[in-house]
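Engineer: Pasting coords-v2.cif below, which is mmCIF, C-alpha atoms and all ligand atoms.
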```cif
data_protein
loop_
_atom_site.label_atom_id
_atom_site.label_comp_id
_atom_site.auth_asym_id
_atom_site.auth_seq_id
_atom_site.Cartn_x
_atom_site.Cartn_y
_atom_site.Cartn_z
CA MET A 1 -12.23 -60.15 11.80
CA ASN A 2 -15.94 -60.18 12.15
CA LYS A 3 -18.24 -57.89 10.21
CA MET A 4 -18.66 -55.52 13.12
CA MET A 5 -14.92 -55.06 13.55
CA LYS A 6 -14.40 -54.53 9.84
CA MET A 7 -17.00 -51.79 9.88
CA MET A 8 -15.33 -50.17 12.86
CA VAL A 9 -11.90 -50.21 11.18
CA VAL A 10 -13.37 -48.61 8.05
CA ALA A 11 -15.09 -45.97 10.16
CA ILE A 12 -11.91 -45.18 12.09
CA ILE A 13 -9.89 -44.88 8.88
CA GLY A 14 -12.63 -42.64 7.50
CA ILE A 15 -12.60 -40.36 10.53
CA PHE A 16 -8.80 -40.25 10.42
CA MET A 17 -8.81 -39.21 6.74
CA VAL A 18 -11.37 -36.46 7.30
CA ALA A 19 -9.41 -35.17 10.28
CA CYS A 20 -6.17 -35.09 8.27
CA GLY A 21 -7.92 -33.35 5.40
CA ASN A 22 -9.26 -30.67 7.70
CA ASN A 23 -5.91 -30.25 9.35
CA SER A 24 -4.04 -29.53 6.17
CA LYS A 25 -6.68 -26.98 5.21
CA GLU A 26 -6.46 -25.26 8.57
CA LYS A 27 -2.69 -24.90 8.28
CA ILE A 28 -2.91 -22.42 5.42
CA GLU A 29 -4.77 -19.46 6.78
CA LYS A 30 -5.98 -16.91 4.26
CA ILE A 31 -5.99 -13.19 4.88
CA TYR A 32 -7.48 -10.35 2.86
CA VAL A 33 -5.14 -7.48 2.07
CA GLY A 34 -6.48 -4.10 1.00
CA THR A 35 -4.67 -1.89 -1.49
CA ASN A 36 -5.34 0.83 -4.04
CA ALA A 37 -3.72 -0.23 -7.29
CA GLU A 38 -3.19 3.29 -8.63
CA PHE A 39 0.14 4.00 -7.04
CA ALA A 40 2.94 2.77 -9.31
CA PRO A 41 5.55 1.50 -8.66
CA PHE A 42 4.14 0.36 -5.30
CA GLU A 43 0.87 -1.09 -6.64
CA TYR A 44 -0.75 -0.88 -10.03
CA LEU A 45 -2.64 -3.02 -12.48
CA GLU A 46 -0.84 -4.84 -15.27
CA ASN A 47 -2.92 -7.12 -17.48
CA GLY A 48 -5.56 -7.25 -14.78
CA LYS A 49 -3.06 -8.26 -12.09
CA THR A 50 -2.02 -6.11 -9.14
CA VAL A 51 1.76 -5.77 -9.30
CA GLY A 52 4.43 -3.56 -7.73
CA PHE A 53 6.91 -3.30 -4.87
CA ASP A 54 4.24 -3.64 -2.19
CA MET A 55 2.75 -6.71 -3.88
CA ASP A 56 6.16 -8.44 -4.07
CA LEU A 57 6.86 -7.52 -0.45
CA MET A 58 3.46 -8.86 0.60
CA ALA A 59 4.10 -12.13 -1.25
CA GLU A 60 7.43 -12.55 0.55
CA ILE A 61 5.86 -11.73 3.91
CA SER A 62 3.07 -14.24 3.35
CA LYS A 63 5.66 -16.92 2.49
CA GLU A 64 7.52 -16.13 5.71
CA ILE A 65 4.37 -16.31 7.82
CA GLY A 66 2.93 -19.26 5.90
CA ILE A 67 -0.39 -17.70 4.99
CA GLU A 68 -2.32 -17.25 1.80
CA VAL A 69 -3.12 -13.72 0.66
CA GLU A 70 -5.97 -12.35 -1.37
CA ILE A 71 -5.58 -8.78 -2.58
CA LYS A 72 -8.62 -6.50 -2.49
CA ASP A 73 -8.29 -3.43 -4.68
CA MET A 74 -10.36 -0.42 -3.59
CA ALA A 75 -10.37 3.39 -3.40
CA PHE A 76 -7.60 4.72 -1.17
CA ASP A 77 -9.97 6.53 1.17
CA GLY A 78 -11.99 3.31 1.57
CA LEU A 79 -9.02 1.33 2.91
CA LEU A 80 -9.07 2.34 6.57
CA PRO A 81 -12.88 1.99 6.86
CA ALA A 82 -12.60 -1.48 5.24
CA LEU A 83 -9.97 -2.49 7.81
CA GLN A 84 -12.08 -1.21 10.68
CA ALA A 85 -15.14 -3.02 9.34
CA LYS A 86 -12.98 -6.20 9.09
CA LYS A 87 -13.56 -6.50 5.33
CA VAL A 88 -9.78 -6.77 5.07
CA ASP A 89 -7.23 -8.03 7.62
CA MET A 90 -4.50 -5.58 6.70
CA ILE A 91 -3.50 -2.83 4.28
CA ILE A 92 -0.41 -2.44 2.14
CA ALA A 93 -0.79 0.63 -0.07
CA GLY A 94 2.20 2.93 0.19
CA MET A 95 0.30 4.20 3.18
CA THR A 96 2.03 6.77 5.36
CA ALA A 97 1.87 6.01 9.07
CA THR A 98 0.46 9.38 10.19
CA GLU A 99 -0.42 10.28 13.79
CA GLU A 100 -4.03 10.76 12.71
CA ARG A 101 -4.28 7.27 11.20
CA LYS A 102 -2.51 5.76 14.22
CA LYS A 103 -5.56 6.70 16.27
CA ALA A 104 -7.62 4.25 14.21
CA VAL A 105 -5.24 1.41 13.33
CA ASN A 106 -1.86 -0.08 14.22
CA PHE A 107 1.07 0.24 11.85
CA SER A 108 3.91 -2.21 11.22
CA GLU A 109 7.55 -1.15 11.25
CA THR A 110 8.42 1.24 8.43
CA TYR A 111 9.19 -0.41 5.11
CA TYR A 112 9.84 2.68 2.96
CA LYS A 113 10.75 6.33 3.47
CA ALA A 114 9.14 8.83 1.11
CA ASN A 115 8.34 12.52 0.81
CA GLN A 116 5.87 14.73 -1.02
CA VAL A 117 6.97 16.52 -4.19
CA ILE A 118 5.43 19.15 -6.46
CA ILE A 119 4.83 18.48 -10.16
CA ILE A 120 4.43 21.45 -12.53
CA ALA A 121 4.34 22.09 -16.27
CA GLU A 122 7.75 21.84 -17.94
CA GLY A 123 7.80 25.52 -18.98
CA ALA A 124 6.73 26.85 -15.57
CA GLU A 125 9.10 28.51 -13.11
CA ASP A 126 10.58 26.26 -10.39
CA ILE A 127 8.88 26.12 -6.99
CA SER A 128 11.52 25.72 -4.30
CA ASN A 129 9.33 25.22 -1.24
CA PHE A 130 5.75 24.34 -0.36
CA GLU A 131 4.92 27.87 0.89
CA GLU A 132 5.32 29.06 -2.70
CA LEU A 133 2.15 27.17 -3.58
CA LYS A 134 0.24 30.12 -2.09
CA GLY A 135 -2.05 31.72 -4.64
CA LYS A 136 -1.84 28.70 -6.93
CA LYS A 137 -4.35 26.09 -8.00
CA VAL A 138 -3.01 22.80 -6.67
CA GLY A 139 -4.27 19.31 -7.40
CA VAL A 140 -4.11 16.63 -4.71
CA ILE A 141 -5.62 13.17 -4.41
CA LEU A 142 -8.44 12.85 -1.91
CA GLY A 143 -7.30 11.54 1.46
CA PHE A 144 -3.61 11.22 0.54
CA THR A 145 -1.04 12.82 2.82
CA GLY A 146 -0.43 15.34 -0.02
CA ASP A 147 -4.03 16.44 0.47
CA VAL A 148 -3.37 17.07 4.18
CA VAL A 149 -0.04 18.88 3.56
CA VAL A 150 -1.44 21.24 0.91
CA SER A 151 -4.74 21.86 2.70
CA GLU A 152 -2.74 23.17 5.69
CA ILE A 153 -1.09 25.94 3.63
CA ASP A 154 -3.16 29.12 3.73
CA GLY A 155 -4.07 30.75 0.47
CA VAL A 156 -3.82 27.68 -1.77
CA GLU A 157 -6.73 26.82 -4.02
CA VAL A 158 -6.90 23.06 -3.48
CA LYS A 159 -8.53 20.85 -6.05
CA LYS A 160 -9.17 17.28 -4.86
CA TYR A 161 -9.11 14.38 -7.30
CA ASN A 162 -10.10 10.75 -6.98
CA ALA A 163 -7.17 9.53 -9.05
CA GLY A 164 -3.65 10.79 -9.73
CA TYR A 165 -3.83 10.47 -13.51
CA VAL A 166 -6.85 12.81 -13.67
CA ALA A 167 -4.93 15.49 -11.74
CA ILE A 168 -1.97 15.04 -14.11
CA MET A 169 -4.29 15.40 -17.12
CA ASP A 170 -5.64 18.69 -15.71
CA LEU A 171 -2.09 19.89 -15.08
CA LYS A 172 -1.12 19.14 -18.68
CA GLU A 173 -4.17 21.00 -19.91
CA GLY A 174 -3.29 24.03 -17.76
CA LYS A 175 -6.41 23.74 -15.61
CA ILE A 176 -4.28 23.64 -12.45
CA ASP A 177 -0.76 24.96 -11.67
CA ALA A 178 0.66 22.04 -9.73
CA VAL A 179 0.06 18.55 -8.38
CA VAL A 180 1.41 17.39 -5.00
CA LEU A 181 2.13 13.69 -4.73
CA ASP A 182 4.48 11.12 -3.13
CA GLY A 183 7.93 11.14 -4.77
CA GLU A 184 8.03 7.73 -6.47
CA PRO A 185 4.58 7.80 -8.10
CA ALA A 186 5.34 11.41 -9.11
CA LYS A 187 8.54 10.25 -10.88
CA ASN A 188 6.50 7.59 -12.58
CA PHE A 189 3.98 10.12 -13.90
CA VAL A 190 6.78 12.41 -15.15
CA LYS A 191 8.45 9.47 -16.92
CA ASN A 192 5.22 8.51 -18.69
CA ASN A 193 3.89 11.98 -19.53
CA GLU A 194 5.37 14.67 -21.76
CA GLY A 195 5.57 18.28 -20.60
CA ILE A 196 5.68 17.95 -16.81
CA LYS A 197 8.51 18.06 -14.27
CA ILE A 198 9.20 17.74 -10.54
CA THR A 199 10.24 20.97 -8.78
CA SER A 200 13.18 21.28 -6.38
CA ALA A 201 10.84 21.56 -3.37
CA GLU A 202 10.94 18.54 -1.06
CA GLY A 203 8.30 17.84 1.55
CA GLU A 204 8.97 16.35 4.96
CA LYS A 205 9.87 12.68 5.21
CA GLU A 206 7.01 10.22 5.53
CA GLU A 207 7.16 6.56 6.43
CA TYR A 208 5.17 3.86 4.69
CA ALA A 209 3.92 1.00 6.83
CA MET A 210 1.35 -1.77 6.71
CA ALA A 211 -1.83 -1.23 8.70
CA VAL A 212 -3.50 -3.84 10.88
CA SER A 213 -6.61 -3.62 13.03
CA LYS A 214 -5.92 -2.55 16.63
CA ASP A 215 -7.26 -5.85 17.95
CA ASN A 216 -5.00 -8.03 15.83
CA ALA A 217 -1.68 -7.82 17.66
CA GLU A 218 -0.81 -11.36 16.58
CA LEU A 219 -0.81 -10.55 12.84
CA LEU A 220 1.11 -7.33 13.44
CA GLU A 221 3.83 -9.20 15.29
CA LYS A 222 4.09 -11.82 12.55
CA ILE A 223 4.39 -9.10 9.91
CA ASN A 224 7.12 -7.29 11.83
CA THR A 225 9.08 -10.49 12.40
CA ALA A 226 8.80 -11.37 8.70
CA LEU A 227 9.89 -7.86 7.70
CA THR A 228 12.98 -8.08 9.93
CA THR A 229 13.88 -11.45 8.39
CA LEU A 230 13.44 -10.13 4.84
CA LYS A 231 15.62 -7.11 5.65
CA GLU A 232 18.30 -9.34 7.16
CA ASN A 233 18.37 -12.01 4.45
CA GLY A 234 18.66 -9.55 1.55
CA THR A 235 15.20 -10.17 0.05
CA TYR A 236 14.04 -6.64 0.89
CA ASP A 237 17.10 -5.09 -0.83
CA LYS A 238 16.52 -7.26 -3.88
CA LEU A 239 12.98 -5.89 -4.14
CA LEU A 240 14.23 -2.30 -3.75
CA LYS A 241 16.68 -2.88 -6.62
CA LYS A 242 13.96 -4.43 -8.77
CA TRP A 243 11.48 -1.57 -8.37
CA PHE A 244 13.46 1.67 -7.78
N1 LIG B 301 1.52 7.95 1.03
C1 LIG B 301 0.29 8.58 0.73
C2 LIG B 301 -0.68 8.43 1.87
O1 LIG B 301 -0.50 7.63 2.71
C3 LIG B 301 -0.34 8.06 -0.56
C4 LIG B 301 -0.62 6.61 -0.52
C5 LIG B 301 -1.32 6.03 -1.74
O2 LIG B 301 -1.90 6.67 -2.52
N2 LIG B 301 -1.34 4.79 -1.93
O3 LIG B 301 -1.65 9.12 1.92
#
```
With the file now loaded, output its structure as structure tokens.
Ligand code: GLN

Structural biologist:
Amino acid sequence: MNKMMKMMVVAIIGIFMVACGNNSKEKIEKIYVGTNAEFAPFEYLENGKTVGFDMDLMAEISKEIGIEVEIKDMAFDGLLPALQAKKVDMIIAGMTATEERKKAVNFSETYYKANQVIIIAEGAEDISNFEELKGKKVGVILGFTGDVVVSEIDGVEVKKYNAGYVAIMDLKEGKIDAVVLDGEPAKNFVKNNEGIKITSAEGEKEEYAMAVSKDNAELLEKINTALTTLKENGTYDKLLKKWF
């Protein structure tokens, strides 16, 4: 081989190696997933890590699709704007697929059915339906479906909080009469706080789903396919058992 040919072979091998390197990088696409890690057991912080049912489900979905995921923790009412501004590719946050939100984003198939409940002080009289909140001071978390439900009842003094635990603190101190929240996080608060209980009133069913930008049909389809697989192969049930 003459010098020229040797140089060419080296160059070709070099190009080939770079191309392979790029290829393997391209295979693992990374997406940003928005959540609000203040919603145990769906998502919460433990030793600085975001954990919970939604996080496990997201990890399984990303394995199915073959993508890498980076979680972005933010305020709940900042999630939809972040998705629309393309700061995140999707949302998993115990988010209810409401008609209002459907105007702005697309939702995946349902992955959990929930309902709103009322939390009151242990000594207080039971509240058997949401209409009985009339005349009471009721804490809700800003932008949650509980906020919408309670704000629609006439005659309720609604107090809006940025975080659930602050509302619970005010309830314990007698500053408000009740807190309206999704069932599972409510149970979690009652388990971890003395002197509060869930009433017998049950709000309408809500469905949690993952949100994707309206112009990203491809990701939505991949998520739905992965979700179906996880439901069929028992992984989804395993996660339910682990967390609830
Ligand atoms: N399910 C409620 C909603 O969508 C609360 C969700 C949450 O706080 N993460 O508004």

Engineer: Please indicate the distance in Å from atom CA of A:Phe39 to atom CA of A:Ile61, rounded to one decimal place.

Structural biologist: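 These atoms are spaced 20.0 Å apart.
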
Engineer: At a cut-off of 8 Å around ligand LIG 301 (chain B), and using all atoms listed in the file, what residues come up? Please write them as a list in words.

Structural biologist: Thr35, Asn36, Ala37, Glu38, Phe39, Phe42, Glu43, Phe76, Ala93, Gly94, Met95, Thr96, Ala97, Thr98, Ala114, Ile141, Gly143, Phe144, Thr145, Gly146, Asp147, Leu181, Asp182, Glu206, Glu207 and Tyr208 of chain A

Engineer: Nearest residue to A:Asp126 out of A:Ile71, A:Met58, A:Ile198, A:Met210, using all atoms listed in the file?

Structural biologist: A:Ile198

Engineer: Which residues, written as a compact mmCIF listing (two decimals) with C-alpha atoms, keeping the file's coordinate frame, have at least one atom at most 12 Å from stretch 185-194 of chain A, with all atoms listed in the file counted and residues fewer than 5 positions away on the same chain left out?

Structural biologist:
```
# COMPACT_ATOMS: atom_id res chain seq x y z
CA ALA A 37 -3.72 -0.23 -7.29
CA GLU A 38 -3.19 3.29 -8.63
CA PHE A 39 0.14 4.00 -7.04
CA ALA A 40 2.94 2.77 -9.31
CA PRO A 41 5.55 1.50 -8.66
CA PHE A 42 4.14 0.36 -5.30
CA GLU A 43 0.87 -1.09 -6.64
CA TYR A 44 -0.75 -0.88 -10.03
CA GLY A 52 4.43 -3.56 -7.73
CA PHE A 53 6.91 -3.30 -4.87
CA GLY A 94 2.20 2.93 0.19
CA ALA A 114 9.14 8.83 1.11
CA ASN A 115 8.34 12.52 0.81
CA GLN A 116 5.87 14.73 -1.02
CA VAL A 117 6.97 16.52 -4.19
CA ILE A 118 5.43 19.15 -6.46
CA ILE A 119 4.83 18.48 -10.16
CA ILE A 120 4.43 21.45 -12.53
CA ALA A 121 4.34 22.09 -16.27
CA GLU A 122 7.75 21.84 -17.94
CA GLY A 123 7.80 25.52 -18.98
CA VAL A 140 -4.11 16.63 -4.71
CA GLY A 146 -0.43 15.34 -0.02
CA ALA A 163 -7.17 9.53 -9.05
CA GLY A 164 -3.65 10.79 -9.73
CA TYR A 165 -3.83 10.47 -13.51
CA VAL A 166 -6.85 12.81 -13.67
CA ALA A 167 -4.93 15.49 -11.74
CA ILE A 168 -1.97 15.04 -14.11
CA MET A 169 -4.29 15.40 -17.12
CA LEU A 171 -2.09 19.89 -15.08
CA LYS A 172 -1.12 19.14 -18.68
CA GLU A 173 -4.17 21.00 -19.91
CA ALA A 178 0.66 22.04 -9.73
CA VAL A 179 0.06 18.55 -8.38
CA VAL A 180 1.41 17.39 -5.00
CA THR A 199 10.24 20.97 -8.78
CA TRP A 243 11.48 -1.57 -8.37
CA PHE A 244 13.46 1.67 -7.78
```

Engineer: Name the closest residue to A:Leu83 among the candidates A:Lys113, A:Lys214, A:Lys30, A:Lys231; distances are taken between atoms, counting only C-alpha atoms.

Structural biologist: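 The answer is A:Lys214, which sits nearest to A:Leu83.
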
Engineer: One number please: atom CA of A:Thr110 to atom CA of A:Glu202, in Å, one decimal.

Structural biologist: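 Atom CA of A:Glu202 lies 19.9 Å from atom CA of A:Thr110.
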
Engineer: Residues near A:Lys137, anyone? I mean within 10 Å using all atoms listed in the file, not counting same-chain ones fewer than 6 positions away, as a list in words.

Structural biologist: Gly155, Val156, Glu157, Val158, Lys159, Leu171, Lys175, Ile176, Asp177, Ala178 and Val179 of chain A

Engineer: Please compute the atom CA of A:Leu80-atom CA of A:Leu230 distance, one decimal, in Å.

Structural biologist: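 Computed distance, atom CA of A:Leu80 to atom CA of A:Leu230, equals 25.8 Å.
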
Engineer: Pick the closest to A:Ser108 from A:Glu125, A:Asp237, A:Glu218, A:Asp170: which is it, counting all atoms listed in the file?

Structural biologist: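 Comparing A:Glu125, A:Asp237, A:Glu218, A:Asp170 against A:Ser108, the winner is A:Glu218.
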
Engineer: Just checking: using all atoms listed in the file, which residue out of A:Val212, A:Leu45, A:Ala201, A:Ile92 ends up closest to A:Tyr111?

Structural biologist: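 Among the listed residues, A:Ile92 lies closest to A:Tyr111.
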
Engineer: Name the closest residue to A:Glu204 among the candidates A:Ala226, A:Gly139, A:Val33, A:Val149; distances are taken between atoms, counting only C-alpha atoms.

Structural biologist: A:Val149

Engineer: Please report, as JSON, the centre and edge lengths in Å to one decimal of an axis-aligned box covering all listed atoms of stretch 82-89 of chain A with 5 Å per side.

Structural biologist:
```
{"center_x": -11.2, "center_y": -4.6, "center_z": 7.9, "size_x": 17.9, "size_y": 16.8, "size_z": 15.6}
```

Engineer: Can you work out which one of A:Gly174, A:Glu64, A:Gly34, A:Ala217 has the shortest atom-to-atom distance to A:Ile196, counting all atoms listed in the file?

Structural biologist: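 Ranked by minimum distance to A:Ile196, first place goes to A:Gly174.
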
Engineer: Complete the atoms of stretch 51-74 of chain A to N, CA, C and O atoms and put them out as a short mmCIF file (atom, residue, chain, number, x, y, z; two decimals), in the coordinates of the input.

Structural biologist:
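result21.cif, written as the output of this step:
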```
data_model
loop_
_atom_site.label_atom_id
_atom_site.label_comp_id
_atom_site.auth_asym_id
_atom_site.auth_seq_id
_atom_site.Cartn_x
_atom_site.Cartn_y
_atom_site.Cartn_z
N VAL A 51 0.31 -5.55 -9.42
CA VAL A 51 1.76 -5.77 -9.30
C VAL A 51 2.40 -4.56 -8.63
O VAL A 51 1.76 -3.54 -8.43
N GLY A 52 3.70 -4.69 -8.30
CA GLY A 52 4.43 -3.56 -7.73
C GLY A 52 5.25 -3.98 -6.53
O GLY A 52 5.19 -5.14 -6.10
N PHE A 53 6.03 -3.03 -6.02
CA PHE A 53 6.91 -3.30 -4.87
C PHE A 53 6.13 -3.86 -3.69
O PHE A 53 6.52 -4.88 -3.10
N ASP A 54 5.03 -3.20 -3.35
CA ASP A 54 4.24 -3.64 -2.19
C ASP A 54 3.71 -5.07 -2.38
O ASP A 54 3.64 -5.85 -1.43
N MET A 55 3.32 -5.38 -3.61
CA MET A 55 2.75 -6.71 -3.88
C MET A 55 3.82 -7.79 -3.73
O MET A 55 3.57 -8.86 -3.17
N ASP A 56 5.05 -7.50 -4.23
CA ASP A 56 6.16 -8.44 -4.07
C ASP A 56 6.50 -8.61 -2.59
O ASP A 56 6.73 -9.72 -2.12
N LEU A 57 6.53 -7.47 -1.88
CA LEU A 57 6.86 -7.52 -0.45
C LEU A 57 5.81 -8.35 0.30
O LEU A 57 6.14 -9.19 1.13
N MET A 58 4.56 -8.13 -0.06
CA MET A 58 3.46 -8.86 0.60
C MET A 58 3.58 -10.36 0.33
O MET A 58 3.36 -11.19 1.23
N ALA A 59 3.95 -10.71 -0.90
CA ALA A 59 4.10 -12.13 -1.25
C ALA A 59 5.21 -12.76 -0.42
O ALA A 59 5.07 -13.88 0.09
N GLU A 60 6.31 -12.03 -0.26
CA GLU A 60 7.43 -12.55 0.55
C GLU A 60 7.02 -12.69 2.02
O GLU A 60 7.36 -13.67 2.67
N ILE A 61 6.30 -11.68 2.51
CA ILE A 61 5.86 -11.73 3.91
C ILE A 61 4.92 -12.93 4.13
O ILE A 61 5.05 -13.66 5.11
N SER A 62 4.01 -13.13 3.18
CA SER A 62 3.07 -14.24 3.35
C SER A 62 3.79 -15.59 3.31
O SER A 62 3.41 -16.52 4.01
N LYS A 63 4.86 -15.68 2.51
CA LYS A 63 5.66 -16.92 2.49
C LYS A 63 6.32 -17.14 3.85
O LYS A 63 6.33 -18.25 4.38
N GLU A 64 6.87 -16.06 4.39
CA GLU A 64 7.52 -16.13 5.71
C GLU A 64 6.54 -16.61 6.79
O GLU A 64 6.85 -17.45 7.61
N ILE A 65 5.35 -15.99 6.78
CA ILE A 65 4.37 -16.31 7.82
C ILE A 65 3.68 -17.64 7.55
O ILE A 65 3.18 -18.29 8.47
N GLY A 66 3.63 -18.02 6.26
CA GLY A 66 2.93 -19.26 5.90
C GLY A 66 1.43 -19.07 5.80
O GLY A 66 0.65 -19.89 6.30
N ILE A 67 1.04 -17.94 5.20
CA ILE A 67 -0.39 -17.70 4.99
C ILE A 67 -0.66 -17.42 3.52
O ILE A 67 0.25 -17.06 2.77
N GLU A 68 -1.91 -17.55 3.17
CA GLU A 68 -2.32 -17.25 1.80
C GLU A 68 -2.90 -15.83 1.81
O GLU A 68 -3.53 -15.43 2.78
N VAL A 69 -2.68 -15.11 0.71
CA VAL A 69 -3.12 -13.72 0.66
C VAL A 69 -4.06 -13.49 -0.51
O VAL A 69 -3.82 -13.99 -1.60
N GLU A 70 -5.14 -12.79 -0.25
CA GLU A 70 -5.97 -12.35 -1.37
C GLU A 70 -6.04 -10.82 -1.36
O GLU A 70 -6.43 -10.22 -0.37
N ILE A 71 -5.62 -10.24 -2.48
CA ILE A 71 -5.58 -8.78 -2.58
C ILE A 71 -6.96 -8.23 -2.92
O ILE A 71 -7.64 -8.74 -3.80
N LYS A 72 -7.35 -7.18 -2.20
CA LYS A 72 -8.62 -6.50 -2.49
C LYS A 72 -8.31 -5.07 -2.89
O LYS A 72 -7.81 -4.28 -2.09
N ASP A 73 -8.59 -4.76 -4.16
CA ASP A 73 -8.29 -3.43 -4.68
C ASP A 73 -9.50 -2.52 -4.44
O ASP A 73 -10.63 -2.88 -4.76
N MET A 74 -9.25 -1.35 -3.85
CA MET A 74 -10.36 -0.42 -3.59
C MET A 74 -9.85 1.02 -3.58
O MET A 74 -8.63 1.25 -3.68
#
```
